[in-house]
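Notes to accompany the following structure.
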Protein chains: 2
Amino acid sequence: MSQKQATIHDIAKKAGVSSSTVSRALQDNPLINSKTRERIQLIAEKLNYQPNVLAHNLRKGRSHMVGVLVPRIDHHFFSSVIGGIEKVLNEQGYNVLILQALDSVSKEVINVQSLLEHRIAGVLACPMALSQDYNHYKLLVKYDIPLIFFDNTHINMPVSMVLNDDYKGAALAAEHLINQGCRKIIFLAGPRNNYIYQRRFEGFRDTLKKRNIPFSDDQIFQNESDFLSGKDAANRILARMPLPDGVFSVTDHQAIQLIQALKIVGVKIPQQIAITGFSNAEITSIIDPPLTTIDQHSREMGAVAAKMLLEELEQRKNNTFIPKKIYLTPELIIRQSTLRRNE
Amino acid sequence: MSQKQATIHDIAKKAGVSSSTVSRALQDNPLINSKTRERIQLIAEKLNYQPNVLAHNLRKGRSHMVGVLVPRIDHHFFSSVIGGIEKVLNEQGYNVLILQALDSVSKEVINVQSLLEHRIAGVLACPMALSQDYNHYKLLVKYDIPLIFFDNTHINMPVSMVLNDDYKGAALAAEHLINQGCRKIIFLAGPRNNYIYQRRFEGFRDTLKKRNIPFSDDQIFQNESDFLSGKDAANRILARMPLPDGVFSVTDHQAIQLIQALKIVGVKIPQQIAITGFSNAEITSIIDPPLTTIDQHSREMGAVAAKMLLEELEQRKNNTFIPKKIYLTPELIIRQSTLRRNE
DNA sequence: CTGAAAGCGCTTACAG
DNA sequence: CTGAAAGCGCTTACAG
């Protein structure tokens, strides 16, 4: 009934040859007599042989496993990035070990530790936004393990990264709001100290300036280290007279909450207030009104990060590796929540 | 600059003892003199020692890696199940290797193969719905590798499983529609040959019968091996005079599409037609009107499956293992899409 | 309390 | 074309 998985040794015994020969035959080594080779491969198949990856990798010095570090797996953005990563990496025979940080820096440290213990071939990581502490990532660099940051980054580390051009994305959204006639636009901010949201702010602010739209600090709605809820944002908006005519939200989530809250009190969207989100979450196309937002090409981001890793692995062999930054250009998705006129 | 990860051998050399002693010291083996032990542990820390899991597992005969097989990772239901799995398993020192089948039976086979090659400690799998072919799963059983099915199953395999009580869930939704005054209810079906959707149908049909609500086959809207789009469903509904007054959809997705399509032609929901979905997807609470649906406790399903695996690993040691089935009771989430009166 | 030796399952330089 | 031997990094039964 119960059975052990066959080894090279088992095959060798059955075939009446040495383990060396079996090992070579299974690698299609041309040195081996083709008849012996075929005989061995047949036996391997009959025994349902699965090579022991642990032993293989131990001998070879490094595994074909790539670590992926994400804040959490159950956010569509990340599971979609992972989809792109797996597509590229599986084709090259790599497996992917996914670990979540779940908003805990110490968990992030443990995860890196765990990857080191697995002697992974490389790491793709979206580092935690607020963490100032990245010695664990430095450890990877120290051991020459290729590390690629995606989506977020510790900007000063000498590693390759693929980022969203958040400045550009924000500029697109701001531009669009202005073209729709908005002149008093609220900036619904994310937590401070977050590089991504900072860049979105800059893209937004610079665009307004360029177009000569007035903007002052009291149009920034922000919590210290957290998101302002859409509901609270709605209250602050409704307290302004005259009402603002546009809102730029750094996340879809806030924007959607805001829409719900404003609809309840009868504010017409987009006629009275036009609203943009950021990320093109699945829901944005389904809510009423559908939300204008910025698509970040998440799947492609994963694919690009994976390709960078493969490239780096190659380049390290001949010492030609130099860290590289790639910015993906985001895309403005125009929907009802801003459409007051045709652009 | 660049550096190799330290080994037990390295530590031994620095400490002037044998590798055996180091290995024991790091395991807190009480045989080792406490002074030597502390000295060794200090050196290990200084060298930033990470045990080589590959070597460790090879020697021990099996790894601390658990394989998780899902149809796809970028569906919220699955990433949420995975969240539950990781929570339980990580606490016990297990890592999780996640693989996606992506609607391809051959990929599913490859994935099992890959897990076998990694000598994983156990497998948690949501098998593909339609696949009649499950020899790859039998292989796991043959090699005594604990296998737990979740959400879906090959019903005749002698393995433990945690399933949603779909019959009950469907009964709850049907009951609710009837209580809201629906008397002519359309069943929006999933692909044939799918055990899950079959059970939902039975729960639905039996409830109508019990409550003496008429139901005939022409109230079943179905495609052969695929989902009927919400839009097509809407067309078929609108062709009926008088209009049906309720729709039971086996998925949230179809239900949402249907709502969008019906809203466009001015059908009032829930006043003219009440609609229920199934799964409690994130969007269901956000669309207009919010969708009444069935919550499947996805996170808990993952946690339960993981616990079953740990239990099985224990029980196999003393040969006390017997496969077990657990049904999770789903929950009716009542929202606007059906609320025509107070229940 | 500590060490030398063997072995987990593979691969590969070396010898023939 | 094939095999014996060594070694990847660990653990553990055995001996002292």
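Simple scheme: letters A, B, ... for chains in structure tokens order, numbers from 1 for residues in each chain, numbers from 1 for ligands in the order shown.
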
### Task
Check the DSSP output for the backbone and give back, as a ChimeraX atom specification, the residues of segment 38-176 of chain A in helix (DSSP H, G or I).
/A:38-46,53-60,76-91,105-117,135-142,166-176

### Task
Could the residues of chain C within 9 Å of chain A, counting only C-alpha atoms (C1' of nucleotides), be given as an MDAnalysis selection string, please?
chainID C and resid 8:12

Could those residues be written to a file, using C-alpha atoms (C1' of nucleotides), as a CSV table (one decimal), in the first residue's frame?
```csv
chain,number,residue,atom,x,y,z
C,8,DC,C1',19.9,11.7,3.6
C,9,DG,C1',19.7,11.8,-2.3
C,10,DC,C1',21.8,13.9,-5.5
C,11,DT,C1',26.0,15.5,-9.0
C,12,DT,C1',30.5,15.6,-11.0
```

### Task
Would you kindly report the residues of chain B within 6 Å of chain A, using only C-alpha atoms, as number ranges by chain?
B: 2-4, 50-54, 73-74, 79-80, 97, 117-118, 142-144, 283, 287

Written selection (N, CA and C atoms) as a tab-separated table (two decimals), in the first residue's frame:
```
chain	number	residue	atom	x	y	z
B	2	SER	N	30.94	40.72	-0.86
B	2	SER	CA	30.07	39.55	-1.03
B	2	SER	C	30.52	38.43	-0.11
B	3	GLN	N	29.58	37.59	0.28
B	3	GLN	CA	29.87	36.67	1.35
B	3	GLN	C	29.01	35.43	1.21
B	4	LYS	N	29.52	34.32	1.73
B	4	LYS	CA	28.72	33.09	1.75
B	4	LYS	C	27.98	33.00	3.06
B	50	GLN	N	22.16	31.19	9.30
B	50	GLN	CA	20.82	30.70	8.98
B	50	GLN	C	20.93	29.23	8.60
B	51	PRO	N	20.28	28.38	9.37
B	51	PRO	CA	20.35	26.96	9.08
B	51	PRO	C	19.92	26.68	7.65
B	52	ASN	N	20.60	25.77	7.00
B	52	ASN	CA	20.24	25.41	5.63
B	52	ASN	C	19.08	24.42	5.67
B	53	VAL	N	17.91	24.93	5.35
B	53	VAL	CA	16.70	24.11	5.43
B	53	VAL	C	16.76	22.92	4.47
B	54	LEU	N	17.38	23.15	3.33
B	54	LEU	CA	17.48	22.06	2.35
B	54	LEU	C	18.20	20.86	2.97
B	73	ILE	N	-4.86	32.44	-7.82
B	73	ILE	CA	-4.57	33.17	-6.60
B	73	ILE	C	-5.26	34.53	-6.59
B	74	ASP	N	-5.58	35.05	-7.77
B	74	ASP	CA	-6.10	36.42	-7.81
B	74	ASP	C	-7.63	36.48	-7.72
B	79	SER	N	-7.45	33.83	-2.17
B	79	SER	CA	-6.38	34.50	-1.44
B	79	SER	C	-6.78	34.64	0.03
B	80	SER	N	-8.07	34.69	0.26
B	80	SER	CA	-8.53	34.79	1.63
B	80	SER	C	-8.41	33.43	2.34
B	97	LEU	N	3.86	26.58	0.07
B	97	LEU	CA	4.20	26.70	-1.34
B	97	LEU	C	2.89	26.74	-2.11
B	117	GLU	N	8.23	16.57	-5.84
B	117	GLU	CA	9.68	16.78	-5.96
B	117	GLU	C	10.24	17.55	-4.77
B	118	HIS	N	9.40	18.38	-4.19
B	118	HIS	CA	9.87	19.14	-3.03
B	118	HIS	C	9.69	18.37	-1.72
B	142	LYS	N	-0.85	7.54	-2.31
B	142	LYS	CA	0.03	6.38	-2.41
B	142	LYS	C	1.32	6.59	-1.62
B	143	TYR	N	1.85	7.80	-1.67
B	143	TYR	CA	3.09	8.06	-0.96
B	143	TYR	C	2.85	8.52	0.47
B	144	ASP	N	1.64	8.34	0.95
B	144	ASP	CA	1.35	8.66	2.34
B	144	ASP	C	1.51	10.14	2.66
B	283	ILE	N	-17.11	43.21	-3.57
B	283	ILE	CA	-17.94	44.17	-4.29
B	283	ILE	C	-19.40	44.13	-3.91
B	287	ILE	N	-21.84	47.67	-4.47
B	287	ILE	CA	-22.65	48.00	-5.65
B	287	ILE	C	-24.01	48.57	-5.23
```

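In this model, the gap between atom C1' of DA13 of chain C and atom CA of Ile120 of chain A comes to 26.1 Å.
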
## Note on the structure
Correct to one decimal, the distance atom CA of Glu300 of chain B-atom CA of Glu331 of chain B is 12.8 Å

Do you know which residues are at most 9 Å from Glu175 of chain A counting only C-alpha atoms (C1' of nucleotides), after dropping those on the same chain fewer than 4 positions away, and could you put them as a compact mmCIF listing (two decimals) with N, CA and C atoms, in the first residue's frame?
```txt
# COMPACT_ATOMS: atom_id res chain seq x y z
N ALA A 170 -0.62 60.66 -11.20
CA ALA A 170 -1.34 61.73 -10.51
C ALA A 170 -1.54 62.92 -11.45
N ALA A 171 -0.52 63.20 -12.25
CA ALA A 171 -0.62 64.31 -13.19
C ALA A 171 -1.75 64.07 -14.19
N ASN A 179 -9.54 69.53 -16.92
CA ASN A 179 -10.23 69.56 -18.22
C ASN A 179 -11.74 69.40 -18.08
N GLN A 180 -12.14 68.76 -17.00
CA GLN A 180 -13.58 68.61 -16.76
C GLN A 180 -14.15 69.84 -16.05
N PHE A 204 0.22 65.79 -8.57
CA PHE A 204 -1.03 66.52 -8.49
C PHE A 204 -0.76 68.03 -8.37
N THR A 207 0.85 69.79 -11.38
CA THR A 207 -0.07 69.94 -12.51
C THR A 207 -1.00 71.14 -12.29
N LEU A 208 -1.49 71.26 -11.07
CA LEU A 208 -2.37 72.40 -10.78
C LEU A 208 -1.62 73.71 -10.99
N ARG A 211 -1.16 74.59 -14.55
CA ARG A 211 -2.40 75.03 -15.20
C ARG A 211 -3.00 76.26 -14.50
```

### Query
Can you list, as a list in words, every protein, DNA or RNA residue that comes within 9 Å of DT2 of chain C when you count only C-alpha atoms (C1' of nucleotides), leaving out same-chain residues fewer than 4 positions away?
Val17, Ser18, Ser20, Thr21 and Ile32 of chain B; DG16 of chain D

### Members of segment 85-146 of chain A assigned strand (DSSP E or B) by DSSP, as a ChimeraX atom specification
/A:95-100,122-125

### Task
Show which residues sit within 9 Å of Met301 of chain B, as a PyMOL selection string. Count only C-alpha atoms (C1' of nucleotides), and ignore same-chain residues fewer than 2 positions away.
chain B and resi 81+84-85+150-151+162-164+296-299+303-306+328

If we count only C-alpha atoms (C1' of nucleotides) and set the cut-off at 12 Å, which residues sit around DC14 of chain C, ignoring sequence neighbours fewer than 3 positions away in its own chain? Please answer as a CSV table (one decimal) with C-alpha atoms (C1' of nucleotides), in the first residue's frame.
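What landed in selection29.csv:
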```csv
chain,number,residue,atom,x,y,z
D,3,DG,C1',31.8,3.5,-12.1
D,4,DA,C1',33.9,4.7,-7.5
D,5,DA,C1',34.6,8.4,-4.6
D,6,DA,C1',33.9,12.7,-2.7
```

### Message
Ranking A:Lys263, A:Lys307, A:Arg341, A:Lys168 by minimum distance to Tyr327 of chain A and counting only C-alpha atoms, which one comes first?
### Response
A:Lys168

### 8 Å contact set for Pro127 of chain B, only C-alpha atoms (C1' of nucleotides), chain neighbours under 5 positions out, as a list of chain:residue names
B:Leu69, B:Val70, B:Pro71, B:Phe149, B:Asn152, B:Thr153, B:His154
